[in-house]
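In what follows, a structure is listed as structure tokens, so that the remarks can point back to it.
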Amino acid sequence: MTRTRCDRTPAWGALRDTFGARGAAFDLRQAFASDPARFDAFSQQAPHVFADLSKNLIDAGIEAQLQQLARECGVLEHRDAMFRGDAINASEGRAVKHFLLRSPLPEGPCADPDLQAVHATLDAMLHYAEAVRADSAITDVVNIGIGGSDLGPQMAVLALDAYATPAKRMHFVSNVDGHELASTLARLRPHSTLFLIASKTFSTIETMTNARSAKRWFEAGGGTDIARHFCALTSNVAAATDFGIDRTFGFWDWVGGRYSLWSAIGLPIAVAIGAQGFREFLAGAHAMDRHFQSAAPAANLPLRLGLLDVWYRNFHGFGSRSIAPYHSALRRWPAYLQQLEMESNGKRVDAQGQALGFGTAPVLWGESGTNGQHAYFQMLHQGSDRVPVEFVAVRQPRHDLPGHHALLLANALAQAQALMVGKADAGGQRDFPGNRPSSFLLLEALSPASLGALIALQEHRVFVSGSVWGINSFDQWGVELGKVLAGDIAQRLRSGDRSGLDASTAGLLDRLRGADRGLGLA
Ligand code: F6P
């Protein structure tokens, strides 16, 4: 399909005019004062996620113009192309079908071979997850993977801690920094440890280095039964077999790394919360897929959020978004979203390789809510830049400590309120300018289903902004150069060859080699 880039549409020019006329000076306090129904008009219930968008710098007219932009860019046609299985990841010639991983089988016969394969693998993987859960000799499960093969599963295992079996300790090793693996291994014993080697390509240097070291440690500790203690999660089954791992759960090239936690890469989640929990997780995401596919545009939450992101990035010029989960189990939520959004949409050319003259992915950053309050919320309230904040809160706690949850939620609400209303005080340092926008996402409970829906919401919202910008959200060429250069420099650290290097890299190389007195660099 032909997509029209946002900056070539009439709607783009109209939005510029609107921004000049009333967008730049938009005042949330006035908007609430003049419209008593604003909360109802700008909030909505999507599957498992209630979203209050009313504290954003938009009115009905601006939202309508953003919807017009989506129409002129063909966002919904692009969405349909994805769900149809078209090869929308053109630079890699691949379809983008992570949604299929959470699609249920039809009532009758299934005509889609990919969906059949998805369910065959899912059943096998969940069967294995249950076997691991029932195996009392395995006390520790170590996921070795990085990027999408780490961030999603790690975030979800932490988030669903309250649903996890206490019989397994889950560990995540991603960094090639040996401190991470060494400190993990120091707490383990080979005969009670299961290693999950998670890598779509089974070639990522960090993961392969950690996997080899884990295997050496296992064998040095008397471990012999690799089939029982190592399992590979990969789309490169041949490479896993070469590595010496027989038990492999595969997936497909149409699953991007940062969209892979629904696939075999989700095995740590399934071990933690069990097969039934994992199926609920998939069902929650599927409910959001259906919402994205079928909700009317004006009530389509991923569409609305993605368009809001465009409004803030390209018209207000906001360069970042702060993520504030008010639930400690969601503490890896910001890190997970960083890869999802910044690896997907951190692009400076369109899908045809033509330079873009406007900003794309903002910087995403954040921390658990109240911790952030005592670190950088000063800047959010009184700093020179306006940073939209995205709160996530959960109505029902999973503990019974009196008072805590009400206080936590009070803090979330108070921060969103303070950002918006501000405060005129003694002037100068005590004044809060206010009119600082935020969105508030609210879950009834943090459950497998609601987490699945929340993640799928974010996946689709990133799709929408990427689609408006005309970029390919599903490749990641920007990570390649550093990988190639690291291979070259690793050799030079051994040989000392500094030929052709810039003076800074050469100087640092010399210092690192000079410091190599038993540090294992050579
Ligand atoms: O960081 C680049 C990247 O390719 C990510 O997209 C991916 O999630 C990560 O590396 C890990 O890749 P793999 O799962 O192939 O080891």
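Each chain of the structure tokens is named A, B, ... in the order shown, its residues numbered from 1; ligands are numbered from 1 in display order.
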Per residue of chain A within 10 Å of ligand 1, what are the shortest atom pair and its distance in Å to one decimal, counting only C-alpha atoms and all ligand atoms, with rows by chain and residue number, as a tab-separated table?
```
residue	atom	partner	partner_atom_place_in_ligand_line	distance
A:Ile144	CA	ligand 1	16 (O)	9.3
A:Gly145	CA	ligand 1	16 (O)	6.1
A:Ile146	CA	ligand 1	11 (C)	5.0
A:Gly147	CA	ligand 1	8 (O)	4.0
A:Gly148	CA	ligand 1	8 (O)	3.4
A:Ser149	CA	ligand 1	14 (O)	4.9
A:Asp150	CA	ligand 1	8 (O)	7.8
A:Leu151	CA	ligand 1	8 (O)	8.4
A:Gly152	CA	ligand 1	8 (O)	9.4
A:Ser174	CA	ligand 1	11 (C)	9.5
A:Ile197	CA	ligand 1	16 (O)	9.2
A:Ala198	CA	ligand 1	14 (O)	6.3
A:Ser199	CA	ligand 1	14 (O)	3.4
A:Lys200	CA	ligand 1	14 (O)	3.7
A:Thr201	CA	ligand 1	15 (O)	3.7
A:Phe202	CA	ligand 1	15 (O)	5.7
A:Ser203	CA	ligand 1	16 (O)	6.3
A:Thr204	CA	ligand 1	16 (O)	4.5
A:Ile205	CA	ligand 1	16 (O)	7.9
A:Glu206	CA	ligand 1	16 (O)	8.0
A:Thr207	CA	ligand 1	16 (O)	6.3
A:Met208	CA	ligand 1	16 (O)	8.3
A:Leu233	CA	ligand 1	14 (O)	8.9
A:Thr234	CA	ligand 1	14 (O)	7.4
A:Ser235	CA	ligand 1	15 (O)	8.5
A:Asn236	CA	ligand 1	15 (O)	9.0
A:Gly256	CA	ligand 1	6 (O)	7.0
A:Gly257	CA	ligand 1	8 (O)	3.9
A:Arg258	CA	ligand 1	8 (O)	5.0
A:Tyr259	CA	ligand 1	8 (O)	8.2
A:Ser260	CA	ligand 1	8 (O)	8.1
A:Ile265	CA	ligand 1	14 (O)	8.6
A:Gln339	CA	ligand 1	6 (O)	8.1
A:Leu340	CA	ligand 1	6 (O)	9.1
A:Glu343	CA	ligand 1	6 (O)	7.2
A:Ser344	CA	ligand 1	6 (O)	8.8
A:Phe474	CA	ligand 1	6 (O)	8.9
A:Asp475	CA	ligand 1	6 (O)	7.8
A:Gln476	CA	ligand 1	6 (O)	6.2
A:Trp477	CA	ligand 1	2 (C)	8.3
A:Gly478	CA	ligand 1	2 (C)	8.3
A:Val479	CA	ligand 1	2 (C)	5.5
A:Glu480	CA	ligand 1	2 (C)	7.6
A:Lys483	CA	ligand 1	2 (C)	9.1
```
Run DSSP on the backbone and give me the residues of range 39-95 of chain A it puts in strand (DSSP E), as a ChimeraX atom specification. /A:43-46,49-52
Taking C-alpha atoms for each residue, export the selection above as an mmCIF file, in the first residue's frame.
```
data_model
loop_
_atom_site.group_PDB
_atom_site.id
_atom_site.type_symbol
_atom_site.label_atom_id
_atom_site.label_comp_id
_atom_site.auth_asym_id
_atom_site.auth_seq_id
_atom_site.Cartn_x
_atom_site.Cartn_y
_atom_site.Cartn_z
ATOM 1 C CA SER A 43 -11.517 9.667 29.236
ATOM 2 C CA GLN A 44 -12.462 6.203 28.092
ATOM 3 C CA GLN A 45 -12.534 2.569 29.052
ATOM 4 C CA ALA A 46 -10.579 0.284 26.736
ATOM 5 C CA VAL A 49 -7.329 -0.068 30.793
ATOM 6 C CA PHE A 50 -9.160 3.081 31.783
ATOM 7 C CA ALA A 51 -7.481 6.153 30.294
ATOM 8 C CA ASP A 52 -7.960 9.726 31.408
#
```
Taking only C-alpha atoms into account, name the residue in A:Arg513, A:His327, A:Arg332, A:Lys168 that is nearest to Gln154 in chain A.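 Closest to Gln154 in chain A of all the choices is A:Arg332.
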Need the shell around Ile455 in chain A: protein/DNA/RNA residues with any atom at most 9 Å away, counting only C-alpha atoms. Skip same-chain ones fewer than 6 positions apart. Format as number ranges by chain? A: 285, 288, 337
Looking only at helix (DSSP H, G or I) from DSSP on the backbone, list the matching residues of range 129-184 of chain A as a PyMOL selection string. chain A and resi 129-134+147-149+151-159+161-163+178-184
Could you write out the selected residues, including N, CA, C and O atoms, as a tab-separated table (two decimals), in the first residue's frame?
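Listed below is the output, result-v9.tsv:
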```
chain	number	residue	atom	x	y	z
A	129	ALA	N	6.61	-25.56	30.55
A	129	ALA	CA	6.61	-24.63	31.70
A	129	ALA	C	5.99	-25.31	32.92
A	129	ALA	O	6.51	-25.19	34.05
A	130	GLU	N	4.91	-26.04	32.69
A	130	GLU	CA	4.27	-26.74	33.82
A	130	GLU	C	5.17	-27.85	34.37
A	130	GLU	O	5.23	-28.08	35.58
A	131	ALA	N	5.89	-28.51	33.47
A	131	ALA	CA	6.81	-29.56	33.93
A	131	ALA	C	7.92	-28.96	34.78
A	131	ALA	O	8.30	-29.52	35.82
A	132	VAL	N	8.43	-27.82	34.37
A	132	VAL	CA	9.48	-27.15	35.15
A	132	VAL	C	8.91	-26.74	36.51
A	132	VAL	O	9.55	-26.93	37.55
A	133	ARG	N	7.71	-26.19	36.50
A	133	ARG	CA	7.09	-25.77	37.78
A	133	ARG	C	6.92	-26.96	38.72
A	133	ARG	O	7.04	-26.81	39.95
A	134	ALA	N	6.64	-28.14	38.13
A	134	ALA	CA	6.40	-29.32	38.98
A	134	ALA	C	7.70	-29.99	39.41
A	134	ALA	O	7.68	-30.88	40.27
A	147	GLY	N	17.92	-7.14	25.31
A	147	GLY	CA	16.95	-6.39	24.49
A	147	GLY	C	15.59	-7.03	24.63
A	147	GLY	O	15.13	-7.34	25.74
A	148	GLY	N	14.94	-7.30	23.53
A	148	GLY	CA	13.62	-7.90	23.57
A	148	GLY	C	13.59	-9.28	24.18
A	148	GLY	O	12.54	-9.76	24.60
A	149	SER	N	14.74	-9.92	24.22
A	149	SER	CA	14.81	-11.26	24.82
A	149	SER	C	15.07	-11.19	26.32
A	149	SER	O	15.38	-12.21	26.95
A	151	LEU	N	14.02	-7.64	28.25
A	151	LEU	CA	13.26	-6.56	28.88
A	151	LEU	C	11.79	-6.91	29.10
A	151	LEU	O	11.24	-6.65	30.18
A	152	GLY	N	11.16	-7.50	28.08
A	152	GLY	CA	9.74	-7.85	28.20
A	152	GLY	C	9.51	-8.91	29.25
A	152	GLY	O	8.73	-8.73	30.20
A	153	PRO	N	10.20	-10.08	29.11
A	153	PRO	CA	9.99	-11.12	30.12
A	153	PRO	C	10.35	-10.65	31.54
A	153	PRO	O	9.63	-10.92	32.48
A	154	GLN	N	11.43	-9.90	31.65
A	154	GLN	CA	11.82	-9.45	33.00
A	154	GLN	C	10.78	-8.50	33.59
A	154	GLN	O	10.37	-8.64	34.75
A	155	MET	N	10.34	-7.55	32.77
A	155	MET	CA	9.32	-6.61	33.23
A	155	MET	C	8.06	-7.36	33.66
A	155	MET	O	7.48	-7.10	34.71
A	156	ALA	N	7.63	-8.33	32.84
A	156	ALA	CA	6.37	-9.03	33.11
A	156	ALA	C	6.49	-9.95	34.33
A	156	ALA	O	5.56	-10.05	35.14
A	157	VAL	N	7.63	-10.61	34.48
A	157	VAL	CA	7.81	-11.49	35.65
A	157	VAL	C	7.76	-10.67	36.93
A	157	VAL	O	7.12	-11.05	37.92
A	158	LEU	N	8.40	-9.51	36.91
A	158	LEU	CA	8.35	-8.62	38.09
A	158	LEU	C	6.93	-8.12	38.32
A	158	LEU	O	6.42	-8.13	39.44
A	159	ALA	N	6.28	-7.70	37.23
A	159	ALA	CA	4.95	-7.12	37.36
A	159	ALA	C	3.94	-8.12	37.92
A	159	ALA	O	3.02	-7.76	38.64
A	161	ASP	N	4.59	-10.63	39.89
A	161	ASP	CA	5.19	-11.27	41.06
A	161	ASP	C	4.14	-11.90	41.99
A	161	ASP	O	4.31	-13.00	42.52
A	162	ALA	N	3.03	-11.20	42.16
A	162	ALA	CA	2.01	-11.69	43.08
A	162	ALA	C	1.35	-12.98	42.58
A	162	ALA	O	0.69	-13.69	43.35
A	163	TYR	N	1.50	-13.29	41.30
A	163	TYR	CA	0.91	-14.50	40.71
A	163	TYR	C	1.94	-15.61	40.54
A	163	TYR	O	1.61	-16.68	40.03
A	178	GLY	N	30.71	-9.31	32.85
A	178	GLY	CA	30.77	-10.56	33.59
A	178	GLY	C	30.36	-10.44	35.04
A	178	GLY	O	30.02	-11.44	35.69
A	179	HIS	N	30.36	-9.21	35.58
A	179	HIS	CA	29.93	-9.06	36.97
A	179	HIS	C	28.50	-9.57	37.15
A	179	HIS	O	28.14	-10.12	38.19
A	180	GLU	N	27.69	-9.34	36.12
A	180	GLU	CA	26.28	-9.69	36.25
A	180	GLU	C	26.10	-11.22	36.31
A	180	GLU	O	25.43	-11.73	37.20
A	181	LEU	N	26.74	-11.91	35.36
A	181	LEU	CA	26.60	-13.37	35.36
A	181	LEU	C	27.30	-13.97	36.58
A	181	LEU	O	26.76	-14.85	37.25
A	182	ALA	N	28.50	-13.46	36.86
A	182	ALA	CA	29.28	-14.05	37.98
A	182	ALA	C	28.51	-13.92	39.28
A	182	ALA	O	28.45	-14.87	40.08
A	183	SER	N	27.90	-12.76	39.52
A	183	SER	CA	27.21	-12.60	40.81
A	183	SER	C	25.95	-13.45	40.85
A	183	SER	O	25.53	-13.91	41.92
A	184	THR	N	25.35	-13.70	39.70
A	184	THR	CA	24.18	-14.59	39.67
A	184	THR	C	24.62	-16.03	39.92
A	184	THR	O	24.04	-16.73	40.78
```
I want to know what sits within 7 Å of range 456-472 of chain A, based on only C-alpha atoms, with residues of the same chain fewer than 2 positions away left out; could you give that as JSON, numbers by chain? {"A": [3, 5, 6, 70, 73, 75, 89, 285, 288, 289, 302, 303, 305, 306, 307, 309, 310, 341, 345, 349, 350, 351, 452, 453, 454, 474, 475]}
Give me the residues near range 395-408 of chain A as a list in words, where near means some atom within 8 Å (using only C-alpha atoms) and where sequence neighbours in that chain fewer than 2 positions away do not count.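 Result of the neighbour search: Ala162, Tyr326, Thr370, Ala393, Ala410, Asn411, Ala412, Leu442, Leu443, Glu444, Ala445 and Leu446 of chain A.
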For the residues in that selection, give me N, CA and C atoms as an mmCIF file, in the first residue's frame.
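Result went into selection08.cif, see below:
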```cif
data_model
loop_
_atom_site.group_PDB
_atom_site.id
_atom_site.type_symbol
_atom_site.label_atom_id
_atom_site.label_comp_id
_atom_site.auth_asym_id
_atom_site.auth_seq_id
_atom_site.Cartn_x
_atom_site.Cartn_y
_atom_site.Cartn_z
ATOM 1 N N ALA A 162 3.030 -11.204 42.156
ATOM 2 C CA ALA A 162 2.007 -11.695 43.083
ATOM 3 C C ALA A 162 1.354 -12.983 42.585
ATOM 4 N N TYR A 326 2.846 3.975 39.185
ATOM 5 C CA TYR A 326 2.631 4.010 40.634
ATOM 6 C C TYR A 326 2.297 2.605 41.112
ATOM 7 N N THR A 370 6.568 7.141 43.278
ATOM 8 C CA THR A 370 6.967 7.985 44.415
ATOM 9 C C THR A 370 8.474 8.117 44.503
ATOM 10 N N ALA A 393 -1.551 3.590 37.226
ATOM 11 C CA ALA A 393 -1.918 3.241 38.603
ATOM 12 C C ALA A 393 -2.841 2.027 38.583
ATOM 13 N N ALA A 410 -2.966 8.403 46.265
ATOM 14 C CA ALA A 410 -3.093 9.841 46.539
ATOM 15 C C ALA A 410 -1.910 10.588 45.932
ATOM 16 N N ASN A 411 -0.731 9.986 46.033
ATOM 17 C CA ASN A 411 0.442 10.633 45.454
ATOM 18 C C ASN A 411 0.340 10.736 43.942
ATOM 19 N N ALA A 412 -0.115 9.665 43.305
ATOM 20 C CA ALA A 412 -0.245 9.701 41.848
ATOM 21 C C ALA A 412 -1.208 10.813 41.428
ATOM 22 N N LEU A 442 -5.294 3.677 34.170
ATOM 23 C CA LEU A 442 -5.713 3.038 35.418
ATOM 24 C C LEU A 442 -6.170 1.607 35.146
ATOM 25 N N LEU A 443 -5.571 0.673 35.899
ATOM 26 C CA LEU A 443 -5.991 -0.725 35.824
ATOM 27 C C LEU A 443 -6.791 -1.043 37.076
ATOM 28 N N GLU A 444 -7.771 -1.908 36.940
ATOM 29 C CA GLU A 444 -8.522 -2.331 38.121
ATOM 30 C C GLU A 444 -7.607 -3.143 39.034
ATOM 31 N N ALA A 445 -6.854 -4.070 38.433
ATOM 32 C CA ALA A 445 -5.885 -4.881 39.184
ATOM 33 C C ALA A 445 -4.728 -5.157 38.245
ATOM 34 N N LEU A 446 -3.558 -5.376 38.810
ATOM 35 C CA LEU A 446 -2.409 -5.736 37.965
ATOM 36 C C LEU A 446 -2.410 -7.258 37.843
#
```
Contacts of Gln68 in chain A within 12 Å, only C-alpha atoms, excl. fewer than 2 positions in-chain, as a count of residues only: 27
Pick out the residues sitting within 6 Å of Arg102 in chain A, and hand them over as a ChimeraX atom specification; count only C-alpha atoms, and ignore anything fewer than 3 positions along from it in its own chain. /A:99,282,286
Those residues you just picked out, can you put them in a file as a short mmCIF file (atom, residue, chain, number, x, y, z; two decimals), in the first residue's frame with C-alpha atoms?
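Writing the result to selection_33.cif gives the following:
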```cif
data_model
loop_
_atom_site.label_atom_id
_atom_site.label_comp_id
_atom_site.auth_asym_id
_atom_site.auth_seq_id
_atom_site.Cartn_x
_atom_site.Cartn_y
_atom_site.Cartn_z
CA PHE A 99 -0.62 -10.15 17.21
CA LEU A 282 -2.32 -13.49 25.86
CA HIS A 286 -5.83 -10.07 22.21
#
```
d(CA of Thr4 in chain A, CA of Ser473 in chain A) in Å: 15.4 Å
Nearest residue to Gln378 in chain A from the set A:Cys231, A:Ile138, A:Leu419, A:Leu28 (distances using only C-alpha atoms): A:Leu419
